[in-house]
Each structure stands twice: as C-alpha cells, then as structure tokens.
>>> print(open('start.txt').read())   # compact mmCIF, C-alpha atoms
# COMPACT_ATOMS: atom_id res chain seq x y z
CA MET H 93 -26.73 21.78 -6.65
CA ASP H 94 -24.66 20.44 -9.56
CA SER H 95 -26.56 17.95 -11.72
CA LEU H 96 -24.00 15.20 -11.05
CA SER H 97 -24.10 15.46 -7.28
CA ILE H 98 -25.75 12.78 -5.19
CA SER H 99 -27.51 13.44 -1.92
CA VAL H 100 -25.74 11.23 0.59
CA ARG H 101 -28.23 9.84 3.06
CA PRO H 102 -26.81 8.16 6.18
CA ARG H 103 -27.93 4.62 6.84
CA ALA H 104 -29.73 3.78 10.05
CA ALA H 105 -26.46 3.19 11.88
CA THR H 106 -24.29 6.22 12.64
CA PRO H 107 -20.51 5.87 12.44
CA PRO H 108 -18.81 6.17 15.83
CA GLU H 109 -16.98 9.38 16.70
CA GLY H 110 -13.77 10.06 18.60
CA THR H 111 -12.19 6.66 18.02
CA PRO H 112 -8.44 6.01 18.45
CA HIS H 113 -6.22 6.99 15.54
CA HIS H 114 -4.35 3.72 15.25
CA PRO H 115 -5.00 0.16 14.07
CA PRO H 116 -5.37 -2.77 16.49
CA ARG H 117 -2.16 -3.31 18.46
CA LEU H 118 -1.92 -7.07 18.25
CA PRO H 119 1.08 -9.35 18.65
CA ARG H 120 2.17 -11.24 15.58
CA PRO H 121 0.27 -14.58 15.64
CA ALA H 122 3.17 -16.54 14.09
CA PRO H 123 6.91 -16.07 14.58
CA VAL H 124 8.89 -14.01 12.09
CA PRO H 125 10.20 -16.74 9.71
CA ARG H 126 13.91 -16.37 10.50
CA LEU H 127 16.64 -18.76 9.40
CA ASP H 128 20.01 -19.42 10.99
CA THR H 129 21.55 -20.33 7.62
CA PRO H 130 22.22 -17.36 5.31
CA ALA H 131 21.40 -17.46 1.60
CA HIS H 132 25.09 -17.17 0.70
CA VAL H 133 28.34 -18.25 2.32
CA LEU H 134 29.58 -15.39 4.47
CA PRO H 135 33.25 -14.36 4.53
CA GLY H 136 35.83 -14.93 7.22
CA PRO H 137 38.18 -12.28 8.61
CA GLY H 138 40.28 -10.79 5.83
CA GLU H 139 37.87 -11.92 3.07
CA THR H 140 35.32 -9.15 3.18
CA GLU H 141 36.51 -6.98 0.28
CA GLU H 142 35.91 -9.73 -2.24
CA PHE H 143 32.59 -10.54 -0.56
CA TRP H 144 31.31 -6.95 -0.76
CA THR H 145 32.44 -6.67 -4.38
CA GLY H 146 30.23 -9.65 -5.18
CA VAL H 147 27.35 -8.21 -3.15
CA ARG H 148 27.55 -4.95 -5.04
CA ARG H 149 27.40 -6.86 -8.34
CA ARG H 150 24.44 -9.06 -7.32
CA GLY H 151 22.55 -6.54 -5.23
CA THR H 152 20.77 -7.05 -1.93
CA PRO H 153 19.06 -8.84 -0.39
CA LEU H 154 20.83 -12.08 -1.31
CA VAL H 155 18.46 -14.85 -2.40
CA GLY H 156 19.26 -18.54 -2.25
CA PRO H 157 17.51 -21.93 -2.21
CA ASP H 158 15.38 -22.98 0.71
CA PRO H 159 17.60 -24.94 3.15
CA ARG H 160 14.62 -27.27 3.72
CA GLY H 161 14.51 -28.13 0.02
CA ASP H 162 11.07 -26.69 -0.82
CA ALA H 163 11.14 -25.17 -4.34
CA ALA H 164 8.32 -22.76 -3.39
CA TYR H 165 10.50 -21.02 -0.80
CA ARG H 166 13.75 -19.06 -0.72
CA ALA H 167 16.30 -18.01 1.85
CA VAL H 168 16.57 -14.21 1.79
CA THR H 169 19.52 -12.52 3.50
CA PHE H 170 19.58 -8.79 4.27
CA LEU H 171 23.02 -7.24 4.77
CA TRP H 172 24.68 -4.17 6.24
CA ARG H 173 28.32 -3.19 5.94
CA GLY H 174 29.24 -1.85 9.34
CA THR H 175 32.11 0.19 10.68
CA ALA H 176 34.04 0.12 13.93
CA ALA H 177 31.34 2.40 15.35
CA THR H 178 28.37 0.14 14.44
CA ARG H 179 26.60 -1.04 17.59
CA ALA H 180 23.38 -2.52 16.21
CA VAL H 181 21.44 -2.86 12.95
CA GLU H 182 17.73 -3.52 12.51
CA VAL H 183 15.92 -4.54 9.32
CA VAL H 184 12.13 -4.50 9.08
CA PRO H 185 10.54 -5.79 5.87
CA ASN H 186 6.96 -4.58 5.58
CA LYS H 187 4.86 -6.50 8.14
CA LEU H 188 7.63 -9.04 8.76
CA GLY H 189 8.34 -7.98 12.29
CA ASP H 190 6.77 -8.29 15.72
CA PRO H 191 5.97 -4.97 17.40
CA HIS H 192 5.87 -6.81 20.74
CA ASP H 193 9.41 -8.14 20.20
CA PRO H 194 11.39 -5.75 17.97
CA ALA H 195 14.67 -7.44 18.89
CA VAL H 196 13.78 -10.28 16.51
CA ASN H 197 14.59 -7.89 13.65
CA ARG H 198 18.13 -7.16 14.87
CA MET H 199 20.92 -8.27 12.54
CA THR H 200 23.74 -10.57 13.68
CA HIS H 201 27.32 -9.34 13.52
CA LEU H 202 29.80 -11.77 11.97
CA PRO H 203 32.79 -11.70 14.34
CA GLY H 204 36.03 -10.35 12.94
CA THR H 205 34.32 -8.76 9.91
CA ASP H 206 32.24 -5.73 8.97
CA VAL H 207 29.31 -8.00 7.95
CA TRP H 208 25.92 -7.75 9.64
CA HIS H 209 23.27 -10.20 8.40
CA TRP H 210 19.66 -11.36 8.91
CA THR H 211 17.90 -14.15 6.99
CA LEU H 212 14.25 -15.06 6.40
CA ARG H 213 12.52 -18.04 4.81
CA LEU H 214 9.96 -16.58 2.39
CA ARG H 215 7.66 -17.97 -0.27
CA HIS H 216 8.97 -17.37 -3.77
CA ASP H 217 6.14 -14.94 -4.65
CA TRP H 218 6.86 -12.55 -1.77
CA ARG H 219 7.64 -8.90 -2.41
CA GLY H 220 8.02 -5.97 -0.07
CA THR H 221 9.69 -2.74 0.92
CA TYR H 222 11.95 -2.73 3.95
CA GLU H 223 13.56 -0.33 6.39
CA LEU H 224 17.15 -0.44 7.61
CA ARG H 225 18.17 1.28 10.83
CA ALA H 226 21.82 1.29 11.87
CA ASP H 227 23.20 2.59 15.14
CA GLU H 228 26.57 3.98 14.11
CA GLY H 229 27.32 5.41 17.52
CA ASP H 230 25.09 8.42 16.88
CA GLY H 231 22.27 7.53 19.24
CA PRO H 232 21.57 6.00 22.67
CA ARG H 233 22.97 2.57 23.24
CA PRO H 234 20.69 -0.06 21.64
CA ASP H 235 20.04 -1.76 24.98
CA ALA H 236 19.31 1.50 26.81
CA SER H 237 15.54 1.03 26.61
CA GLY H 238 15.50 -2.75 26.76
CA PRO H 239 15.27 -5.36 23.97
CA ARG H 240 11.55 -4.81 23.39
CA ARG H 241 12.05 -1.33 21.94
CA ARG H 242 12.72 -0.34 18.34
CA LEU H 243 16.26 0.69 17.60
CA ALA H 244 16.67 4.42 18.21
CA ALA H 245 18.54 5.10 14.98
CA PRO H 246 17.75 6.91 11.72
CA ARG H 247 16.39 5.12 8.68
CA ARG H 248 19.24 4.37 6.25
CA PRO H 249 19.29 3.62 2.51
CA ASP H 250 20.51 0.22 1.39
CA PRO H 251 23.69 1.04 -0.57
CA PHE H 252 23.61 -2.30 -2.38
CA ASN H 253 20.00 -2.09 -3.61
CA PRO H 254 19.08 0.50 -6.29
CA ARG H 255 15.40 -0.53 -6.32
CA THR H 256 13.35 1.95 -4.27
CA LEU H 257 9.89 3.43 -3.87
CA PRO H 258 9.11 6.80 -2.24
CA HIS H 259 8.16 6.69 1.42
CA ARG H 260 4.48 7.45 2.02
CA TRP H 261 4.90 10.66 4.00
CA ASP H 262 8.45 11.99 3.64
CA ALA H 263 8.96 10.73 0.03
CA GLY H 264 12.47 9.52 0.87
CA PRO H 265 13.63 6.34 -0.92
CA VAL H 266 12.62 3.01 0.61
CA PRO H 267 14.33 -0.11 -0.78
CA TYR H 268 12.32 -3.10 -1.93
CA ALA H 269 12.83 -6.72 -2.95
CA GLU H 270 10.87 -9.09 -5.23
CA LEU H 271 11.33 -12.86 -5.26
CA PRO H 272 11.24 -14.76 -8.58
CA ALA H 273 7.51 -15.58 -8.66
CA ALA H 274 6.28 -12.21 -7.39
CA PRO H 275 4.23 -9.99 -9.73
CA ARG H 276 6.32 -7.28 -11.34
CA GLY H 277 5.32 -3.64 -11.66
CA THR H 278 6.28 -3.37 -15.33
CA ASP H 279 2.94 -1.78 -16.22
CA TRP H 280 4.08 1.24 -14.20
CA GLU H 281 7.20 1.86 -16.26
CA PRO H 282 6.99 4.69 -18.84
CA ARG H 283 7.13 3.38 -22.39
CA PRO H 284 8.69 5.53 -25.12
CA GLY H 285 6.54 6.36 -28.11
CA LEU H 286 3.14 5.86 -26.48
CA PRO H 287 0.45 8.55 -26.58
CA ARG H 288 0.47 10.21 -23.18
CA GLY H 289 -2.41 11.50 -21.16
CA THR H 290 -2.43 14.88 -19.44
CA VAL H 291 -2.16 15.44 -15.70
CA THR H 292 -3.00 18.79 -14.13
CA GLU H 293 -2.80 19.84 -10.49
CA HIS H 294 -5.58 21.93 -8.94
CA THR H 295 -6.80 23.26 -5.61
CA LEU H 296 -10.41 22.75 -4.59
CA SER H 297 -12.08 24.57 -1.71
CA SER H 298 -14.59 22.30 0.04
CA ALA H 299 -17.50 23.63 2.07
CA ARG H 300 -18.29 20.08 3.27
CA LEU H 301 -14.78 19.55 4.68
CA GLY H 302 -14.11 23.13 5.67
CA ARG H 303 -10.71 23.20 3.99
CA SER H 304 -8.94 23.51 0.66
CA GLY H 305 -6.92 20.69 -0.80
CA ARG H 306 -4.94 19.71 -3.85
CA LEU H 307 -6.09 17.20 -6.43
CA TRP H 308 -4.79 15.79 -9.68
CA LEU H 309 -6.86 15.30 -12.81
CA TYR H 310 -5.83 12.79 -15.49
CA GLN H 311 -7.38 12.82 -18.94
CA PRO H 312 -6.53 10.23 -21.60
CA PRO H 313 -4.26 10.94 -24.58
CA ALA H 314 -5.79 13.25 -27.16
CA ALA H 315 -4.67 10.89 -29.94
CA VAL H 316 -6.84 8.06 -28.57
CA PRO H 317 -10.52 7.95 -29.65
CA ARG H 318 -12.69 8.73 -26.65
CA PRO H 319 -16.24 7.81 -25.77
CA ALA H 320 -18.71 10.67 -25.44
CA ALA H 321 -18.62 10.24 -21.65
CA LEU H 322 -15.40 9.04 -19.99
CA PRO H 323 -15.37 6.28 -17.39
CA VAL H 324 -14.00 7.74 -14.17
CA LEU H 325 -11.67 6.59 -11.42
CA ILE H 326 -11.62 8.29 -8.02
CA LEU H 327 -8.36 7.29 -6.32
CA LEU H 328 -7.75 8.47 -2.76
CA ASP H 329 -4.32 9.52 -1.43
CA GLY H 330 -3.69 11.24 -4.74
CA GLU H 331 -0.56 13.09 -3.64
CA HIS H 332 1.26 9.77 -3.41
CA TRP H 333 -0.23 7.95 -6.40
CA GLN H 334 0.46 10.63 -8.99
CA PRO H 335 3.38 12.92 -8.14
CA ARG H 336 5.44 10.15 -6.51
CA LEU H 337 4.35 6.86 -8.08
CA GLY H 338 3.29 8.14 -11.50
CA LEU H 339 -0.22 6.73 -11.92
CA SER H 340 -0.46 8.38 -15.36
CA HIS H 341 2.21 5.99 -16.71
CA LEU H 342 0.09 3.01 -15.66
CA LEU H 343 -3.08 4.42 -17.23
CA ASP H 344 -1.27 5.36 -20.46
CA ASN H 345 0.08 1.82 -20.77
CA LEU H 346 -3.19 0.04 -19.99
CA ILE H 347 -5.11 2.26 -22.42
CA ALA H 348 -2.50 1.71 -25.17
CA ASP H 349 -2.69 -2.05 -24.62
CA GLY H 350 -6.48 -2.00 -24.90
CA ARG H 351 -6.83 -3.37 -21.38
CA LEU H 352 -8.62 -0.23 -20.21
CA PRO H 353 -10.85 2.15 -22.13
CA PRO H 354 -9.84 5.82 -22.23
CA LEU H 355 -10.84 7.13 -18.82
CA ALA H 356 -10.49 10.08 -16.47
CA ALA H 357 -8.93 9.86 -13.02
CA VAL H 358 -9.53 12.24 -10.14
CA LEU H 359 -7.04 12.03 -7.26
CA PRO H 360 -7.72 14.10 -4.12
CA GLU H 361 -4.92 14.46 -1.58
CA ALA H 362 -5.06 13.19 1.99
CA VAL H 363 -3.20 16.34 3.22
CA ASP H 364 -1.45 14.78 6.25
CA GLU H 365 -1.79 11.87 8.66
CA ALA H 366 -4.05 13.67 11.13
CA THR H 367 -6.42 14.87 8.40
CA ARG H 368 -6.43 11.42 6.83
CA TRP H 369 -7.50 9.77 10.08
CA THR H 370 -10.20 12.38 10.60
CA GLU H 371 -11.71 12.25 7.10
CA LEU H 372 -11.14 8.66 5.93
CA SER H 373 -12.94 6.92 8.77
CA CYS H 374 -16.53 6.54 7.57
CA ARG H 375 -17.34 10.26 7.63
CA PRO H 376 -20.60 11.27 5.89
CA ALA H 377 -19.09 14.70 5.16
CA TYR H 378 -16.26 13.13 3.18
CA ALA H 379 -18.63 10.96 1.16
CA ASP H 380 -20.71 14.07 0.49
CA PHE H 381 -17.56 15.90 -0.60
CA LEU H 382 -16.82 13.17 -3.15
CA THR H 383 -20.30 13.13 -4.68
CA GLY H 384 -21.41 16.70 -4.15
CA GLU H 385 -18.18 18.64 -4.78
CA LEU H 386 -15.31 16.62 -6.23
CA LEU H 387 -17.12 14.82 -9.04
CA PRO H 388 -19.18 17.87 -10.10
CA TRP H 389 -15.97 19.93 -10.17
CA ALA H 390 -14.29 17.33 -12.43
CA ALA H 391 -17.39 17.06 -14.65
CA ARG H 392 -17.18 20.76 -15.41
CA ARG H 393 -13.73 20.15 -16.91
CA LEU H 394 -14.13 16.77 -18.59
CA PRO H 395 -17.08 14.85 -20.08
CA LEU H 396 -17.49 12.28 -17.30
CA THR H 397 -19.99 9.46 -17.28
CA ASP H 398 -22.67 9.48 -14.63
CA ASP H 399 -23.10 5.72 -15.03
CA PRO H 400 -22.18 4.05 -11.71
CA ALA H 401 -21.22 0.87 -13.59
CA ARG H 402 -18.41 2.87 -15.28
CA THR H 403 -17.28 4.63 -12.10
CA VAL H 404 -14.66 3.20 -9.72
CA ILE H 405 -13.75 4.49 -6.29
CA ALA H 406 -10.45 3.07 -5.06
CA GLY H 407 -8.36 3.32 -1.92
CA GLN H 408 -5.91 1.55 0.33
CA SER H 409 -5.98 1.03 4.08
CA LEU H 410 -8.29 3.75 5.47
CA GLY H 411 -8.84 4.72 1.83
CA GLY H 412 -10.19 1.23 1.13
CA LEU H 413 -12.57 1.54 4.08
CA THR H 414 -13.72 4.94 2.79
CA ALA H 415 -14.20 3.65 -0.76
CA ALA H 416 -16.55 0.93 0.47
CA TYR H 417 -18.37 3.34 2.80
CA ALA H 418 -18.90 5.95 0.07
CA ALA H 419 -20.32 3.34 -2.30
CA ALA H 420 -22.66 2.09 0.43
CA LEU H 421 -23.99 5.62 0.87
CA ALA H 422 -24.11 6.48 -2.83
CA PRO H 423 -24.48 3.28 -4.89
CA GLY H 424 -26.19 5.36 -7.57
CA ARG H 425 -22.86 7.08 -8.21
CA PHE H 426 -20.18 4.55 -7.23
CA GLY H 427 -20.90 1.20 -8.83
CA ASN H 428 -17.41 -0.25 -8.33
CA VAL H 429 -15.20 -0.39 -5.24
CA LEU H 430 -11.52 -1.30 -5.37
CA ALA H 431 -10.42 -1.68 -1.75
CA GLN H 432 -6.85 -2.80 -1.08
CA SER H 433 -5.87 -3.81 2.45
CA GLY H 434 -9.00 -2.02 3.62
CA SER H 435 -9.10 -0.99 7.29
CA PHE H 436 -12.25 -2.98 7.90
CA TRP H 437 -11.15 -3.50 11.50
CA TRP H 438 -12.07 0.17 12.12
CA PRO H 439 -12.54 1.35 14.77
CA VAL H 440 -10.46 0.07 17.65
CA GLY H 441 -12.77 -0.50 20.61
CA PRO H 442 -16.30 -1.78 21.24
CA ASP H 443 -17.59 -0.74 17.78
CA ALA H 444 -14.91 -2.75 15.93
CA GLU H 445 -15.68 -3.66 12.29
CA TRP H 446 -18.52 -1.16 12.25
CA LEU H 447 -18.90 -1.08 8.45
CA THR H 448 -18.99 -4.87 8.16
CA ARG H 449 -21.76 -5.11 10.73
CA THR H 450 -23.67 -2.22 9.18
CA LEU H 451 -23.60 -3.65 5.66
CA GLY H 452 -24.36 -7.11 7.00
CA ALA H 453 -27.63 -5.81 8.42
CA GLY H 454 -28.68 -4.09 5.19
CA PRO H 455 -29.86 -5.10 1.74
CA ARG H 456 -27.67 -6.19 -1.15
CA LEU H 457 -26.15 -3.16 -2.90
CA PRO H 458 -25.89 -2.74 -6.70
CA VAL H 459 -22.10 -2.38 -6.34
CA ARG H 460 -19.17 -4.54 -7.46
CA PHE H 461 -16.47 -5.00 -4.82
CA ARG H 462 -12.92 -5.97 -5.73
CA LEU H 463 -11.00 -6.66 -2.49
CA SER H 464 -7.44 -7.73 -1.77
CA CYS H 465 -5.20 -7.97 1.30
CA GLY H 466 -1.68 -9.07 2.16
CA GLU H 467 -1.06 -12.41 3.83
CA GLN H 468 1.45 -10.74 6.16
CA GLU H 469 -1.06 -8.17 7.46
CA TRP H 470 -1.93 -10.02 10.62
CA ALA H 471 -3.91 -7.12 12.15
CA ALA H 472 -5.99 -6.34 9.03
CA LEU H 473 -6.35 -9.74 7.34
CA PRO H 474 -9.00 -11.36 9.61
CA SER H 475 -11.33 -8.36 9.30
CA ALA H 476 -10.79 -8.19 5.52
CA ARG H 477 -11.83 -11.83 5.25
CA ARG H 478 -14.92 -11.21 7.39
CA PHE H 479 -15.86 -8.19 5.28
CA HIS H 480 -15.68 -10.33 2.14
CA ASP H 481 -17.61 -13.19 3.73
CA THR H 482 -20.35 -10.82 4.92
CA LEU H 483 -20.80 -9.33 1.44
CA ALA H 484 -20.74 -12.75 -0.21
CA ALA H 485 -23.37 -14.10 2.19
CA LEU H 486 -25.71 -11.27 1.13
CA GLY H 487 -25.17 -12.10 -2.54
CA HIS H 488 -23.00 -9.09 -3.41
CA ASP H 489 -20.88 -9.08 -6.54
CA VAL H 490 -17.56 -9.41 -4.72
CA SER H 491 -14.12 -10.83 -5.56
CA TYR H 492 -11.29 -11.27 -3.10
CA ARG H 493 -7.67 -12.30 -3.26
CA GLU H 494 -4.68 -12.40 -0.96
CA PHE H 495 -1.10 -11.65 -2.00
CA ASP H 496 2.17 -12.59 -0.33
CA GLY H 497 3.14 -9.22 1.04
CA GLY H 498 2.27 -6.56 3.56
CA HIS H 499 0.65 -3.13 3.87
CA ASP H 500 2.71 -1.92 0.99
CA TYR H 501 2.47 0.29 -2.09
CA LEU H 502 4.81 -2.14 -3.84
CA CYS H 503 2.00 -4.70 -3.68
CA TRP H 504 -0.84 -2.24 -4.09
CA ARG H 505 0.41 -0.88 -7.41
CA THR H 506 0.09 -4.26 -9.18
CA GLU H 507 -3.16 -4.97 -7.36
CA LEU H 508 -4.48 -1.61 -8.54
CA ALA H 509 -3.67 -2.40 -12.17
CA ASP H 510 -5.32 -5.82 -11.96
CA GLY H 511 -8.38 -4.42 -10.19
CA LEU H 512 -8.95 -1.64 -12.69
CA VAL H 513 -8.77 -4.09 -15.59
CA GLU H 514 -11.21 -6.40 -13.82
CA LEU H 515 -13.71 -3.62 -13.12
CA LEU H 516 -13.45 -1.45 -16.24
CA GLY H 517 -11.76 -3.60 -18.90
CA ASP H 518 -13.82 -4.75 -21.86
>>> encode(input="start.txt", output="structure tokens")
Amino acid sequence: MDSLSISVRPRAATPPEGTPHHPPRLPRPAPVPRLDTPAHVLPGPGETEEFWTGVRRRGTPLVGPDPRGDAAYRAVTFLWRGTAATRAVEVVPNKLGDPHDPAVNRMTHLPGTDVWHWTLRLRHDWRGTYELRADEGDGPRPDASGPRRRLAAPRRPDPFNPRTLPHRWDAGPVPYAELPAAPRGTDWEPRPGLPRGTVTEHTLSSARLGRSGRLWLYQPPAAVPRPAALPVLILLDGEHWQPRLGLSHLLDNLIADGRLPPLAAVLPEAVDEATRWTELSCRPAYADFLTGELLPWAARRLPLTDDPARTVIAGQSLGGLTAAYAAALAPGRFGNVLAQSGSFWWPVGPDAEWLTRTLGAGPRLPVRFRLSCGEQEWAALPSARRFHDTLAALGHDVSYREFDGGHDYLCWRTELADGLVELLGD
C-alpha cells in the first residue's frame, strides 16, 4: 500500500443502504416574497420600444427601492419580452420558489403590451442564478396539467442579462443577479500578468470504486517559491469547478495576493447524477478511494504534505456531506473540512441526519470544520444548523455562517474562497 494511504476504519454505526436519491420534499415554510409593485414603471400600449431600449441598456433584472421604505431591501423585477404566441412565462430564482405551488413563479402579462413581469422583495445582499421558461406555443397549454405543475417549456436564456454561469450538468448558460451588498466573485476573474499555475487532466482507474474517472490536478506557478511539501485541497465535483468555473484562476489570484500559500489541488469528477448519488452518500469505499488511491496517486506527481492540518477536503451539497464523512473516518489525513450547503439531512426516511447522530455519539475529532448554508435553502438549512450545533456541543473546532442565497454555485464560489483562506491562510 502507498505510504500516504490511510486505512479507513468504519465507525460503530454503518451508513444506511438503498436510500432514496432525492432530498426531503418539503413545502416552502414561508411564502415566496412577491411584490405587486414592480421595481420600475412599466410601459403602456405603444410605449414598449422605448421601454425595452432602456431595459437593454440597464440589464435585467430591474432593481429598485423597497416600496416599504427599508434600505436593507430592494424590489427586483424579472422581465420577458413576449410575442403573440407567448402563453405563459415562469421564472425561478434559485430556491425562491415553492415546489408545492409552482404557479407562484408565473409572470404576469401587461395587457396590450409584450411585457411579462414578476417582482420580488429581497434583502440587498441576495445573489442567485435563475431559470426562465417561456411557453411560446411550442408545448402543451400551461393549464393542461393544472396550476400546481411546472411549466412544460424549455429553459430560455435571458436576452437582457449577459451575466451567466454554466449549468451544473448540461453546462448551458444560466443567468444570475447580484444585489448591491452581495459578495462579488472578483477573485475568480483572471488577472493579466500574474504567474499562473498548471492544470492537467488525467484518468484514474479505481479498484475501490470499480470504475475509471477523470480528475484535474492543479500545481502552483513555477515562479512562486514553494514549500518542500505542498498543502493540498481535495475538491469534489471537479468537472464543474475546473473546466467550467475555472478554479485555477481563483487559486492563482489568492496565491499572488499572499492570502493562500502555494498549494496543490486535486479535483475528482462526479461522473453523472446517478454515480454522484451512489458514491457521495457516506460510502466507506469512496472515503477509501480518496485516502488509499487518489491522494497516493497525486503524491507520486507532486510533493504533497501528509500533515492533516495542511489538508482540506471540500464539497457542496452531497459533496459537503462526503467531505465531513471522509474526515470523520480519516482525521489523520483530513484535518480540515469545508462543507457548503452540506446534505446533512441525508438520508430521506427513518435514518434521517445519520451523520449528525453518528458524530454526536462519538468523541471530539481533531478536525476543523468550516460550514456554510444559504438562508433560502429551506430543506437543507435546519439540518445544517443541527450539524453545526452537534459539533459545537462536543467542543469541535467549527465555524458556521449563512448567506442570503440558495443551493447555488454563484454563492459557493465566494464561500469557497473565504473558506480556503480561513483554513489555509497564514
């Protein structure tokens, strides 16, 4: 066995098998914060050309003052320019909908115009991606399945919003919005003239998982002085973080600014949704893959530290759950966990919040936990809070924060930067 591998020994409790592959299906506990008053005066019949010219100049969504006069809130109006064929339009900002009442996300048509609109009252630090679906006469009638069904129409780009992120699975553009006080993702933007690290793509055959998979390996810029052994980041869902979101730009910038030391990053792919559910749900084989195969493979190519205090395992959603689980099994290798919107509710059913209960019954681990979750994640937020409270009650080194957003890479990218600096920064 490679000298860096760790023997993963299951705790007394065994993770449940054969659980449903979906999160809890709960109604939204509070109404979607809709407003009747749009953020901008809407046009009358015959005035739409000038209106759309202004919209194109300003961009969407339109943002205006809170009609209730609270400086910490804004009115946010989403728009769609319809045609004579448009029958219905639906807008769903990340986690700002009600799956038990999808009709609440339907836009209103302004009579006598081509304007469709929908307005929310949001705190001024909100940010999020959103989906637009427009029935342009190319699908079943919007009321064919009743008002409690999602609109049977394709996802559309927002022609008035150039700001997009790639969709998680199909990589198509998804528009996003950021209100004035929201954190900005400027650390992710490539900067000219900086020393750049190297990213290489590889394929690793895993005996533990019984499959081959891609991974990405980042090493810091050659021009930057390196320690003898590099701190290491394991970041799950690598096929999204590097090829699509450009993690290397973030690491280059943080290293150049002195906020992070030169480090290596290893990013295994999740393959597809079915594989992700199977492997990132507290599976001992996956934890063994990380410690017994992935890290030894990377250590044969780069001088990696074996110090758990300089090793971070990070993930989001099921990846956050897996990061915490792997560290619980191998605290001698993973000394830092960065779990964003972790699926600590897992699994659905009688064994709900299995990892929280398991860790709550065990000793304090020599692991630092950096946790965060979105305030709009009504299904995941209560269990994330209980996970934090359980660790804190046992005296774990744990920090926790909530952000005004949803289950969203737009939020996770700034949270990732902040978490890495907290865990590895000098």
>>> residues_near_point(input="start.txt", point="(-1.5, -1.5, -21.2)", cutoff="12 Å", atoms="only C-alpha atoms", output="list in words")
Gly277, Thr278, Asp279, Trp280, Glu281, Pro282, Arg283, Leu286, Pro287, Ser340, His341, Leu342, Leu343, Asp344, Asn345, Leu346, Ile347, Ala348, Asp349, Gly350, Arg351, Leu352, Pro353, Pro354, Ala509, Asp510, Leu512, Val513 and Gly517 of chain H
>>> atom_distance(input="start.txt", atom1="atom CA of Pro312 of chain H", atom2="atom CA of Arg393 of chain H")
13.1 Å
>>> closest_residue(input="start.txt", among="H:Tyr501, H:Trp172, H:Tyr165, H:Phe495", to="Thr152 of chain H", atoms="all atoms listed in the file")
H:Trp172
>>> atom_distance(input="start.txt", atom1="atom CA of Pro137 of chain H", atom2="atom CA of His201 of chain H")
12.3 Å
>>> residues_around(input="start.txt", residues="Ala485 of chain H", least_positions_apart="2", cutoff="12 Å", atoms="only C-alpha atoms", output="ChimeraX atom specification")
/H:448,451-456,478-483,487-490
>>> residues_around(input="start.txt", residues="Gly151 of chain H", least_positions_apart="2", cutoff="6 Å", atoms="only C-alpha atoms", output="PyMOL selection string")
chain H and resi 147-149+252-253
>>> atom_distance(input="start.txt", atom1="atom CA of Thr129 of chain H", atom2="atom CA of Ala195 of chain H")
18.5 Å
>>> residues_near_point(input="start.txt", point="(-7.5, -0.6, -4.0)", cutoff="10 Å", atoms="only C-alpha atoms", output="ChimeraX atom specification")
/H:327-328,404-409,411-413,415,429-434,462-465,504-512
>>> residues_around(input="start.txt", residues="Gly330 of chain H", least_positions_apart="5", cutoff="9 Å", atoms="only C-alpha atoms", output="mmCIF file with C-alpha atoms, in the coordinates of the input")
data_model
loop_
_atom_site.group_PDB
_atom_site.id
_atom_site.type_symbol
_atom_site.label_atom_id
_atom_site.label_comp_id
_atom_site.auth_asym_id
_atom_site.auth_seq_id
_atom_site.Cartn_x
_atom_site.Cartn_y
_atom_site.Cartn_z
ATOM 1 C CA ARG H 306 -4.940 19.710 -3.850
ATOM 2 C CA LEU H 307 -6.090 17.200 -6.430
ATOM 3 C CA TRP H 308 -4.790 15.790 -9.680
ATOM 4 C CA PRO H 335 3.380 12.920 -8.140
ATOM 5 C CA VAL H 358 -9.530 12.240 -10.140
ATOM 6 C CA LEU H 359 -7.040 12.030 -7.260
ATOM 7 C CA PRO H 360 -7.720 14.100 -4.120
ATOM 8 C CA GLU H 361 -4.920 14.460 -1.580
ATOM 9 C CA ALA H 362 -5.060 13.190 1.990
#
>>> closest_residue(input="start.txt", among="H:Ala444, H:Arg375, H:Ala401, H:Pro284", to="Tyr417 of chain H", atoms="all atoms listed in the file")
H:Arg375
>>> build_atoms(input="start.txt", residues="segment 128-132 of chain H", atoms="all heavy atoms", output="compact mmCIF listing (two decimals), in the coordinates of the input")
# COMPACT_ATOMS: atom_id res chain seq x y z
N ASP H 128 18.64 -19.55 10.49
CA ASP H 128 20.01 -19.42 10.99
C ASP H 128 21.03 -19.50 9.85
O ASP H 128 22.13 -18.97 9.97
CB ASP H 128 20.31 -20.53 12.00
CG ASP H 128 19.48 -20.40 13.27
OD1 ASP H 128 19.16 -19.24 13.64
OD2 ASP H 128 19.13 -21.42 13.87
N THR H 129 20.63 -20.14 8.75
CA THR H 129 21.55 -20.33 7.62
C THR H 129 21.35 -19.22 6.60
O THR H 129 20.26 -19.08 6.06
CB THR H 129 21.31 -21.69 6.95
OG1 THR H 129 21.40 -22.72 7.93
CG2 THR H 129 22.33 -21.93 5.84
N PRO H 130 22.38 -18.41 6.31
CA PRO H 130 22.22 -17.36 5.31
C PRO H 130 22.07 -17.92 3.90
O PRO H 130 22.35 -19.09 3.64
CB PRO H 130 23.50 -16.52 5.42
CG PRO H 130 24.36 -17.19 6.43
CD PRO H 130 23.69 -18.41 6.92
N ALA H 131 21.62 -17.05 2.99
CA ALA H 131 21.40 -17.46 1.60
C ALA H 131 22.70 -17.60 0.83
O ALA H 131 22.70 -18.12 -0.29
CB ALA H 131 20.50 -16.44 0.90
N HIS H 132 23.80 -17.13 1.38
CA HIS H 132 25.09 -17.17 0.70
C HIS H 132 26.16 -17.38 1.77
O HIS H 132 26.02 -16.94 2.90
CB HIS H 132 25.34 -15.85 -0.04
CG HIS H 132 26.54 -15.83 -0.92
ND1 HIS H 132 27.81 -15.60 -0.44
CD2 HIS H 132 26.67 -16.01 -2.25
CE1 HIS H 132 28.68 -15.63 -1.43
NE2 HIS H 132 28.01 -15.89 -2.55
